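Chemist: Below is the file final_34.pdb, which contains PDB, C-alpha atoms and all ligand atoms.
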```
ATOM      1  CA  MET C  16      -9.962  -6.386  17.200
ATOM      2  CA  GLU C  17     -10.083 -10.154  17.042
ATOM      3  CA  LYS C  18      -7.587 -11.825  14.743
ATOM      4  CA  MET C  19      -9.030 -13.500  11.647
ATOM      5  CA  PHE C  20      -7.776 -16.610   9.907
ATOM      6  CA  GLU C  21      -8.159 -18.303   6.546
ATOM      7  CA  CYS C  22      -8.064 -22.053   6.059
ATOM      8  CA  ALA C  23      -5.418 -23.008   3.479
ATOM      9  CA  ASP C  24      -7.634 -25.845   2.290
ATOM     10  CA  CYS C  25     -11.297 -24.788   2.178
ATOM     11  CA  LYS C  26     -10.512 -21.035   2.172
ATOM     12  CA  SER C  27     -13.080 -20.337   4.883
ATOM     13  CA  ILE C  28     -12.527 -17.183   6.907
ATOM     14  CA  PHE C  29     -13.159 -17.317  10.640
ATOM     15  CA  ALA C  30     -12.299 -15.553  13.860
ATOM     16  CA  ASP C  31      -9.655 -16.652  16.307
ATOM     17  CA  SER C  32     -12.372 -17.704  18.758
ATOM     18  CA  GLU C  33     -13.923 -20.076  16.185
ATOM     19  CA  ILE C  34     -10.734 -22.095  15.696
ATOM     20  CA  LYS C  35     -11.066 -25.705  16.796
ATOM     21  CA  ARG C  36      -8.304 -26.216  19.328
ATOM     22  CA  ILE C  37      -7.240 -29.824  19.573
ATOM     23  CA  ARG C  38      -5.651 -30.654  22.902
ATOM     24  CA  HIS C  39      -4.550 -34.237  23.446
ATOM     25  CA  SER C  40      -3.931 -35.672  26.868
ATOM     26  CA  ASP C  41      -0.406 -36.647  25.816
ATOM     27  CA  GLY C  42       0.420 -32.948  25.389
ATOM     28  CA  ASP C  43       0.020 -32.718  21.631
ATOM     29  CA  SER C  44      -1.973 -29.719  20.502
ATOM     30  CA  TRP C  45      -2.822 -27.968  17.296
ATOM     31  CA  ASP C  46      -5.418 -25.685  15.759
ATOM     32  CA  GLU C  47      -7.903 -26.728  13.117
ATOM     33  CA  CYS C  48     -10.282 -25.086  10.684
ATOM     34  CA  PRO C  49     -13.800 -25.279  12.219
ATOM     35  CA  TYR C  50     -15.227 -26.274   8.834
ATOM     36  CA  CYS C  51     -12.901 -28.857   7.322
ATOM     37  CA  GLY C  52     -10.378 -29.735  10.019
ATOM     38  CA  CYS C  53      -7.317 -28.629   8.055
ATOM     39  CA  ASP C  54      -4.531 -27.495  10.361
ATOM     40  CA  GLU C  55      -2.939 -24.939   8.050
ATOM     41  CA  LEU C  56      -4.374 -21.584   9.062
ATOM     42  CA  ASN C  57      -3.092 -18.196   7.950
ATOM     43  CA  GLU C  58      -3.776 -14.939   9.687
ATOM     44  CA  VAL C  59      -5.648 -12.643   7.314
ATOM     45  CA  ALA C  60      -7.055  -9.128   7.312
ATOM     46  CA  GLN C  61      -9.370  -7.202   5.039
ATOM     47  CA  CYS C  62      -8.024  -4.628   2.643
ATOM     48  CA  TYR C  63      -9.197  -1.224   3.847
ATOM     49  CA  LEU C  64     -10.154  -0.222   0.309
ATOM     50  CA  CYS C  65     -11.519  -3.256  -1.577
ATOM     51  CA  GLY C  66     -12.495  -5.443   1.369
ATOM     52  CA  GLU C  67     -10.721  -8.541   0.024
ATOM     53  CA  TRP C  68      -9.048 -10.822   2.542
ATOM     54  CA  HIS C  69      -5.266 -11.145   2.349
ATOM     55  CA  ASP C  70      -2.450 -12.588   4.424
ATOM     56  CA  VAL C  71      -1.554  -9.914   6.947
ATOM     57  CA  ASP C  72       2.025  -9.712   5.702
ATOM     58  CA  GLU C  73       0.803  -9.010   2.161
ATOM     59  CA  LEU C  74      -0.929  -5.807   3.209
ATOM     60  CA  HIS C  75       0.735  -2.412   3.347
ATOM     61  CA  ASN C  76      -0.867  -0.206   5.929
ATOM     62  CA  GLU C  77      -4.094  -2.278   5.534
ATOM     63  CA  VAL C  78      -4.088  -1.857   1.746
ATOM     64  CA  CYS C  79      -3.550  -4.754  -0.691
ATOM     65  CA  ASP C  80      -1.130  -4.867  -3.622
ATOM     66  CA  ASP C  81      -4.005  -5.033  -6.122
ATOM     67  CA  CYS C  82      -5.382  -1.721  -4.911
ATOM     68  CA  ILE C  83      -1.922  -0.126  -4.931
ATOM     69  CA  ASP C  84      -1.279  -1.432  -8.465
ATOM     70  CA  ASP C  85      -4.608  -0.042  -9.673
ATOM     71  CA  VAL C  86      -3.662   3.465  -8.615
ATOM     72  CA  ALA C  87       0.037   3.134  -9.456
ATOM     73  CA  ASP C  88      -0.946   2.557 -13.083
ATOM     74  CA  LYS C  89      -2.803   5.850 -13.279
ATOM     75  CA  ILE C  90      -0.012   8.346 -13.777
ATOM     76  CA  TYR C  91      -2.210  11.397 -13.170
ATOM     77  CA  GLU C  92      -3.198  10.025  -9.786
ATOM     78  CA  VAL C  93       0.407   9.490  -8.748
ATOM     79  CA  ILE C  94       1.253  13.019  -9.894
ATOM     80  CA  GLU C  95      -1.581  14.308  -7.725
ATOM     81  CA  TYR C  96      -0.153  12.366  -4.826
ATOM     82  CA  ALA C  97       3.407  13.535  -5.503
ATOM     83  CA  GLU C  98       2.333  17.154  -5.558
ATOM     84  CA  CYS C  99       0.724  16.895  -2.132
ATOM     85  CA  PHE C 100       4.146  17.242  -0.623
ATOM     86  CA  CYS C 101       7.260  18.939  -1.865
ATOM     87  CA  THR C 102       9.959  17.518   0.333
ATOM     88  CA  SER C 103      12.212  16.329  -2.443
ATOM     89  CA  GLU C 104      15.928  16.515  -1.960
ATOM     90  CA  GLN C 105      17.715  19.672  -2.952
ATOM     91  CA  VAL C 106      18.766  19.891  -6.544
ATOM     92  CA  ARG C 107      21.386  22.168  -7.999
ATOM     93  CA  ILE C 108      19.906  24.755 -10.310
ATOM     94  CA  ALA C 109      22.070  27.239 -12.146
ATOM     95  CA  PRO C 110      21.597  30.621 -10.424
ATOM     96  CA  LEU C 111      20.692  32.294 -13.697
ATOM     97  CA  TYR C 112      17.440  30.332 -13.848
ATOM     98  CA  LEU C 113      16.588  31.242 -10.306
ATOM     99  CA  LYS C 114      16.741  34.885 -11.396
ATOM    100  CA  ALA C 115      14.061  34.232 -13.993
ATOM    101  CA  PHE C 116      11.830  31.641 -12.307
ATOM    102  CA  THR C 117      10.461  31.058  -8.846
ATOM    103  CA  ALA C 118      10.726  27.616  -7.248
ATOM    104  CA  SER C 119       7.091  26.902  -8.014
ATOM    105  CA  GLN C 120       7.523  27.926 -11.654
ATOM    106  CA  ILE C 121      10.481  25.566 -11.904
ATOM    107  CA  ASN C 122       8.279  22.853 -10.438
ATOM    108  CA  ASP C 123       5.654  23.543 -13.108
ATOM    109  CA  ILE C 124       8.248  23.410 -15.875
ATOM    110  CA  VAL C 125       9.584  20.093 -14.623
ATOM    111  CA  ALA C 126       6.016  18.795 -14.182
ATOM    112  CA  ASN C 127       5.323  19.666 -17.788
ATOM    113  CA  ALA C 128       8.531  17.984 -18.950
ATOM    114  CA  PHE C 129       7.527  14.895 -16.992
ATOM    115  CA  THR C 130       4.322  14.507 -18.982
ATOM    116  CA  GLN C 131       6.400  14.577 -22.184
ATOM    117  CA  LEU C 132       8.390  11.531 -21.105
ATOM    118  CA  PRO C 133       7.522   8.161 -22.653
ATOM    119  CA  GLU C 134       4.689   6.591 -20.678
ATOM    120  CA  GLU C 135       6.963   3.758 -19.610
ATOM    121  CA  ALA C 136       9.438   6.157 -18.016
ATOM    122  CA  GLN C 137       6.600   7.976 -16.238
ATOM    123  CA  LYS C 138       5.228   4.701 -14.868
ATOM    124  CA  LYS C 139       8.662   3.611 -13.701
ATOM    125  CA  ALA C 140       9.139   6.871 -11.812
ATOM    126  CA  CYS C 141       5.640   6.557 -10.310
ATOM    127  CA  ARG C 142       6.371   3.028  -9.141
ATOM    128  CA  GLU C 143       9.675   4.051  -7.576
ATOM    129  CA  LEU C 144       8.063   6.933  -5.741
ATOM    130  CA  ILE C 145       5.405   4.609  -4.315
ATOM    131  CA  ASP C 146       7.938   1.959  -3.370
ATOM    132  CA  ASP C 147       9.999   4.596  -1.547
ATOM    133  CA  ASP C 148       7.207   4.948   0.976
ATOM    134  CA  PRO C 149       4.233   2.606   0.542
ATOM    135  CA  TYR C 150       2.906   3.711   3.926
ATOM    136  CA  CYS C 151       2.680   7.318   2.843
ATOM    137  CA  PHE C 152       1.068   6.331  -0.465
ATOM    138  CA  THR C 153      -1.550   4.100   1.135
ATOM    139  CA  GLU C 154      -2.360   6.828   3.658
ATOM    140  CA  TRP C 155      -3.049   9.088   0.701
ATOM    141  CA  MET C 156      -5.158   6.399  -1.003
ATOM    142  CA  LYS C 157      -7.191   6.103   2.180
ATOM    143  CA  GLY C 158      -7.694   9.843   2.131
ATOM    144  CA  ASP C 159      -5.818  10.165   5.382
ATOM    145  CA  THR C 160      -3.342  12.936   4.667
ATOM    146  CA  GLU C 161      -4.214  15.336   7.450
ATOM    147  CA  SER C 162      -1.197  14.339   9.501
ATOM    148  CA  TRP C 163       1.221  15.295   6.717
ATOM    149  CA  ASN C 164       1.120  19.008   7.135
ATOM    150  CA  GLY C 165       0.523  19.120  10.860
TER     151      GLY C 165
HETATM  152 ZN    ZN H 201     -11.044 -25.468   6.113
HETATM  153 ZN    ZN H 202      -7.503  -3.994  -1.876
END
```
Kindly present the structure from the file in structure tokens form.
Ligand SMILES: [Zn+2]
Ligand SMILES: [Zn+2]
Modeler:
Amino acid sequence: MEKMFECADCKSIFADSEIKRIRHSDGDSWDECPYCGCDELNEVAQCYLCGEWHDVDELHNEVCDDCIDDVADKIYEVIEYAECFCTSEQVRIAPLYLKAFTASQINDIVANAFTQLPEEAQKKACRELIDDDPYCFTEWMKGDTESWNG
């Protein structure tokens, strides 16, 4: 796909092929915005979810921070995401409890305890989980989770 650019001055968005390429006979050369002539151009791409244009290095797996923040703030959504995969590190559980509960029951008990935490603590944990693997999270946001269990 053709690279897209945004003019730092007039904020126009245009394709690589539309850039005005100034080539002087003395060897000087630079690229200019086709609309206003500004020479500060940033490569941009559209967010896969909201369609807004962003600097390419501001996107995570084609998803913008605004979209990630929107979902990160909804604790129940992050819980849904977290429960799609149970690959957490091993924890030590006293053997007595393993006699009484299965692993999935223990998960349910902990899940219930999580919802009792202050909202701030829940949000902090959600944020940390997302930051651990923004790629994985954005794949989930895009509905592209088929590869996880393959
Ligand atoms: Zn411009
Ligand atoms: Zn977005």
Chemist: Would you please work out which residue, of C:Tyr50, C:Tyr96, C:Phe116, C:Phe29, is nearest to ligand ZN 201 (chain H) when using all atoms listed in the file?
Modeler: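 Checking each of C:Tyr50, C:Tyr96, C:Phe116, C:Phe29 against ligand ZN 201 (chain H), counting all atoms listed in the file, the winner is C:Tyr50.
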Chemist: Can you find the residues with an atom no farther than 10 Å from (-12.0, -21.3, 8.4), counting all atoms listed in the file, and report them as a PyMOL selection string?
Modeler: chain C and resi 19-31+33-35+47-57
Chemist: How would you write, as a list in words, the set of residues no farther than 8 Å from ligand ZN 202 (chain H) when counting only C-alpha atoms and all ligand atoms?
Modeler: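 Protein and nucleic-acid residues within 8 Å of ligand ZN 202 (chain H): Gln61, Cys62, Tyr63, Leu64, Cys65, Gly66, Glu67, Val78, Cys79, Asp80, Asp81, Cys82 and Ile83 of chain C.
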Chemist: One number please: CA of Val71 in chain C to CA of Val59 in chain C, in Å, one decimal.
Modeler: 4.9 Å
Chemist: Grab the CA of Val106 in chain C to CA of Ala126 in chain C distance for me, in Å with one decimal place.
Modeler: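 Interatomic distance here is 14.9 Å.
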Chemist: Care to translate the PyMOL selection byres (((chain C and resi 145-149) around 12) and not hetatm) into actual residues of this file, as a ChimeraX atom specification?
Modeler: /C:74-80,82-84,86-88,90,92-94,96-97,103,138-144,150-156
Chemist: Could you tell me how far CA of Ile37 in chain C lies from CA of Trp68 in chain C, in Å and to one decimal?
Modeler: 25.6 Å
Chemist: Using all atoms listed in the file, can you list as a count of residues only the residues within 9 Å of (-1.7, -23.1, 19.2)?
Modeler: 5
Chemist: As AutoDock Vina command-line options, what would the box around range 65-84 of chain C look like: edges along x, y and z, 8 Å added on every side, centre and edge lengths in Å to one decimal?
Modeler:
```
--center_x -5.2 --center_y -6.4 --center_z -0.8 --size_x 30.5 --size_y 28.5 --size_z 31.4
```
Chemist: Would you output range 58-97 of chain C from that structure, restricted to N, CA and C atoms, as an mmCIF file, in the first residue's frame?
Modeler:
```
data_model
loop_
_atom_site.group_PDB
_atom_site.id
_atom_site.type_symbol
_atom_site.label_atom_id
_atom_site.label_comp_id
_atom_site.auth_asym_id
_atom_site.auth_seq_id
_atom_site.Cartn_x
_atom_site.Cartn_y
_atom_site.Cartn_z
ATOM 1 N N GLU C 58 4.914 10.809 8.076
ATOM 2 C CA GLU C 58 4.207 9.625 7.584
ATOM 3 C C GLU C 58 3.069 9.287 8.543
ATOM 4 N N VAL C 59 1.887 9.096 7.979
ATOM 5 C CA VAL C 59 0.707 8.803 8.803
ATOM 6 C C VAL C 59 -0.009 7.552 8.284
ATOM 7 N N ALA C 60 -0.846 7.000 9.141
ATOM 8 C CA ALA C 60 -1.683 5.869 8.745
ATOM 9 C C ALA C 60 -3.001 6.000 9.485
ATOM 10 N N GLN C 61 -4.018 5.353 8.932
ATOM 11 C CA GLN C 61 -5.344 5.417 9.540
ATOM 12 C C GLN C 61 -5.483 4.366 10.633
ATOM 13 N N CYS C 62 -6.117 4.773 11.715
ATOM 14 C CA CYS C 62 -6.436 3.804 12.762
ATOM 15 C C CYS C 62 -7.432 2.800 12.183
ATOM 16 N N TYR C 63 -7.151 1.534 12.410
ATOM 17 C CA TYR C 63 -7.998 0.455 11.890
ATOM 18 C C TYR C 63 -9.428 0.560 12.419
ATOM 19 N N LEU C 64 -9.570 1.086 13.634
ATOM 20 C CA LEU C 64 -10.891 1.104 14.265
ATOM 21 C C LEU C 64 -11.664 2.403 14.057
ATOM 22 N N CYS C 65 -11.035 3.562 14.308
ATOM 23 C CA CYS C 65 -11.796 4.820 14.228
ATOM 24 C C CYS C 65 -11.556 5.572 12.926
ATOM 25 N N GLY C 66 -10.524 5.166 12.173
ATOM 26 C CA GLY C 66 -10.280 5.804 10.889
ATOM 27 C C GLY C 66 -9.543 7.128 10.959
ATOM 28 N N GLU C 67 -9.185 7.574 12.169
ATOM 29 C CA GLU C 67 -8.430 8.829 12.297
ATOM 30 C C GLU C 67 -6.989 8.612 11.808
ATOM 31 N N TRP C 68 -6.406 9.696 11.297
ATOM 32 C CA TRP C 68 -5.020 9.614 10.851
ATOM 33 C C TRP C 68 -4.077 9.929 12.012
ATOM 34 N N HIS C 69 -3.022 9.139 12.123
ATOM 35 C CA HIS C 69 -2.035 9.337 13.189
ATOM 36 C C HIS C 69 -0.639 9.092 12.633
ATOM 37 N N ASP C 70 0.370 9.677 13.295
ATOM 38 C CA ASP C 70 1.741 9.345 12.953
ATOM 39 C C ASP C 70 1.906 7.831 13.068
ATOM 40 N N VAL C 71 2.628 7.248 12.128
ATOM 41 C CA VAL C 71 2.730 5.784 12.140
ATOM 42 C C VAL C 71 3.320 5.255 13.449
ATOM 43 N N ASP C 72 4.234 6.014 14.052
ATOM 44 C CA ASP C 72 4.834 5.479 15.283
ATOM 45 C C ASP C 72 3.952 5.684 16.513
ATOM 46 N N GLU C 73 2.790 6.313 16.321
ATOM 47 C CA GLU C 73 1.842 6.445 17.436
ATOM 48 C C GLU C 73 0.811 5.318 17.440
ATOM 49 N N LEU C 74 0.824 4.512 16.392
ATOM 50 C CA LEU C 74 -0.163 3.435 16.306
ATOM 51 C C LEU C 74 0.421 2.136 16.859
ATOM 52 N N HIS C 75 -0.427 1.353 17.486
ATOM 53 C CA HIS C 75 -0.034 0.030 17.948
ATOM 54 C C HIS C 75 -0.813 -0.958 17.109
ATOM 55 N N ASN C 76 -0.098 -1.692 16.269
ATOM 56 C CA ASN C 76 -0.801 -2.705 15.492
ATOM 57 C C ASN C 76 -2.003 -2.072 14.770
ATOM 58 N N GLU C 77 -1.772 -0.896 14.183
ATOM 59 C CA GLU C 77 -2.768 -0.127 13.406
ATOM 60 C C GLU C 77 -3.902 0.454 14.246
ATOM 61 N N VAL C 78 -3.764 0.444 15.565
ATOM 62 C CA VAL C 78 -4.820 0.981 16.422
ATOM 63 C C VAL C 78 -4.260 2.173 17.204
ATOM 64 N N CYS C 79 -5.054 3.260 17.312
ATOM 65 C CA CYS C 79 -4.560 4.465 17.976
ATOM 66 C C CYS C 79 -4.760 4.406 19.491
ATOM 67 N N ASP C 80 -4.017 5.256 20.197
ATOM 68 C CA ASP C 80 -4.095 5.306 21.655
ATOM 69 C C ASP C 80 -5.505 5.647 22.135
ATOM 70 N N ASP C 81 -6.191 6.538 21.407
ATOM 71 C CA ASP C 81 -7.542 6.929 21.825
ATOM 72 C C ASP C 81 -8.468 5.719 21.871
ATOM 73 N N CYS C 82 -8.371 4.892 20.847
ATOM 74 C CA CYS C 82 -9.226 3.697 20.806
ATOM 75 C C CYS C 82 -8.854 2.729 21.924
ATOM 76 N N ILE C 83 -7.547 2.572 22.164
ATOM 77 C CA ILE C 83 -7.111 1.672 23.243
ATOM 78 C C ILE C 83 -7.615 2.209 24.579
ATOM 79 N N ASP C 84 -7.466 3.531 24.799
ATOM 80 C CA ASP C 84 -7.903 4.132 26.060
ATOM 81 C C ASP C 84 -9.402 3.941 26.283
ATOM 82 N N ASP C 85 -10.167 4.101 25.202
ATOM 83 C CA ASP C 85 -11.626 3.919 25.309
ATOM 84 C C ASP C 85 -11.978 2.563 25.902
ATOM 85 N N VAL C 86 -11.318 1.530 25.383
ATOM 86 C CA VAL C 86 -11.640 0.173 25.839
ATOM 87 C C VAL C 86 -10.984 -0.114 27.186
ATOM 88 N N ALA C 87 -9.768 0.422 27.370
ATOM 89 C CA ALA C 87 -9.043 0.172 28.625
ATOM 90 C C ALA C 87 -9.830 0.677 29.827
ATOM 91 N N ASP C 88 -10.644 1.710 29.616
ATOM 92 C CA ASP C 88 -11.423 2.287 30.702
ATOM 93 C C ASP C 88 -12.644 1.447 31.080
ATOM 94 N N LYS C 89 -13.007 0.541 30.192
ATOM 95 C CA LYS C 89 -14.183 -0.295 30.475
ATOM 96 C C LYS C 89 -13.695 -1.608 31.063
ATOM 97 N N ILE C 90 -13.743 -1.686 32.384
ATOM 98 C CA ILE C 90 -13.162 -2.831 33.081
ATOM 99 C C ILE C 90 -13.750 -4.157 32.585
ATOM 100 N N TYR C 91 -15.083 -4.181 32.375
ATOM 101 C CA TYR C 91 -15.696 -5.450 31.978
ATOM 102 C C TYR C 91 -15.183 -5.925 30.620
ATOM 103 N N GLU C 92 -14.806 -4.969 29.773
ATOM 104 C CA GLU C 92 -14.268 -5.372 28.476
ATOM 105 C C GLU C 92 -12.886 -5.991 28.623
ATOM 106 N N VAL C 93 -12.077 -5.391 29.514
ATOM 107 C CA VAL C 93 -10.727 -5.913 29.713
ATOM 108 C C VAL C 93 -10.796 -7.295 30.366
ATOM 109 N N ILE C 94 -11.762 -7.480 31.261
ATOM 110 C CA ILE C 94 -11.934 -8.795 31.885
ATOM 111 C C ILE C 94 -12.273 -9.831 30.808
ATOM 112 N N GLU C 95 -13.157 -9.427 29.903
ATOM 113 C CA GLU C 95 -13.537 -10.328 28.807
ATOM 114 C C GLU C 95 -12.306 -10.719 27.983
ATOM 115 N N TYR C 96 -11.500 -9.724 27.731
ATOM 116 C CA TYR C 96 -10.250 -9.957 26.996
ATOM 117 C C TYR C 96 -9.339 -10.892 27.774
ATOM 118 N N ALA C 97 -9.169 -10.586 29.077
ATOM 119 C CA ALA C 97 -8.231 -11.355 29.906
ATOM 120 C C ALA C 97 -8.651 -12.813 29.984
#
```
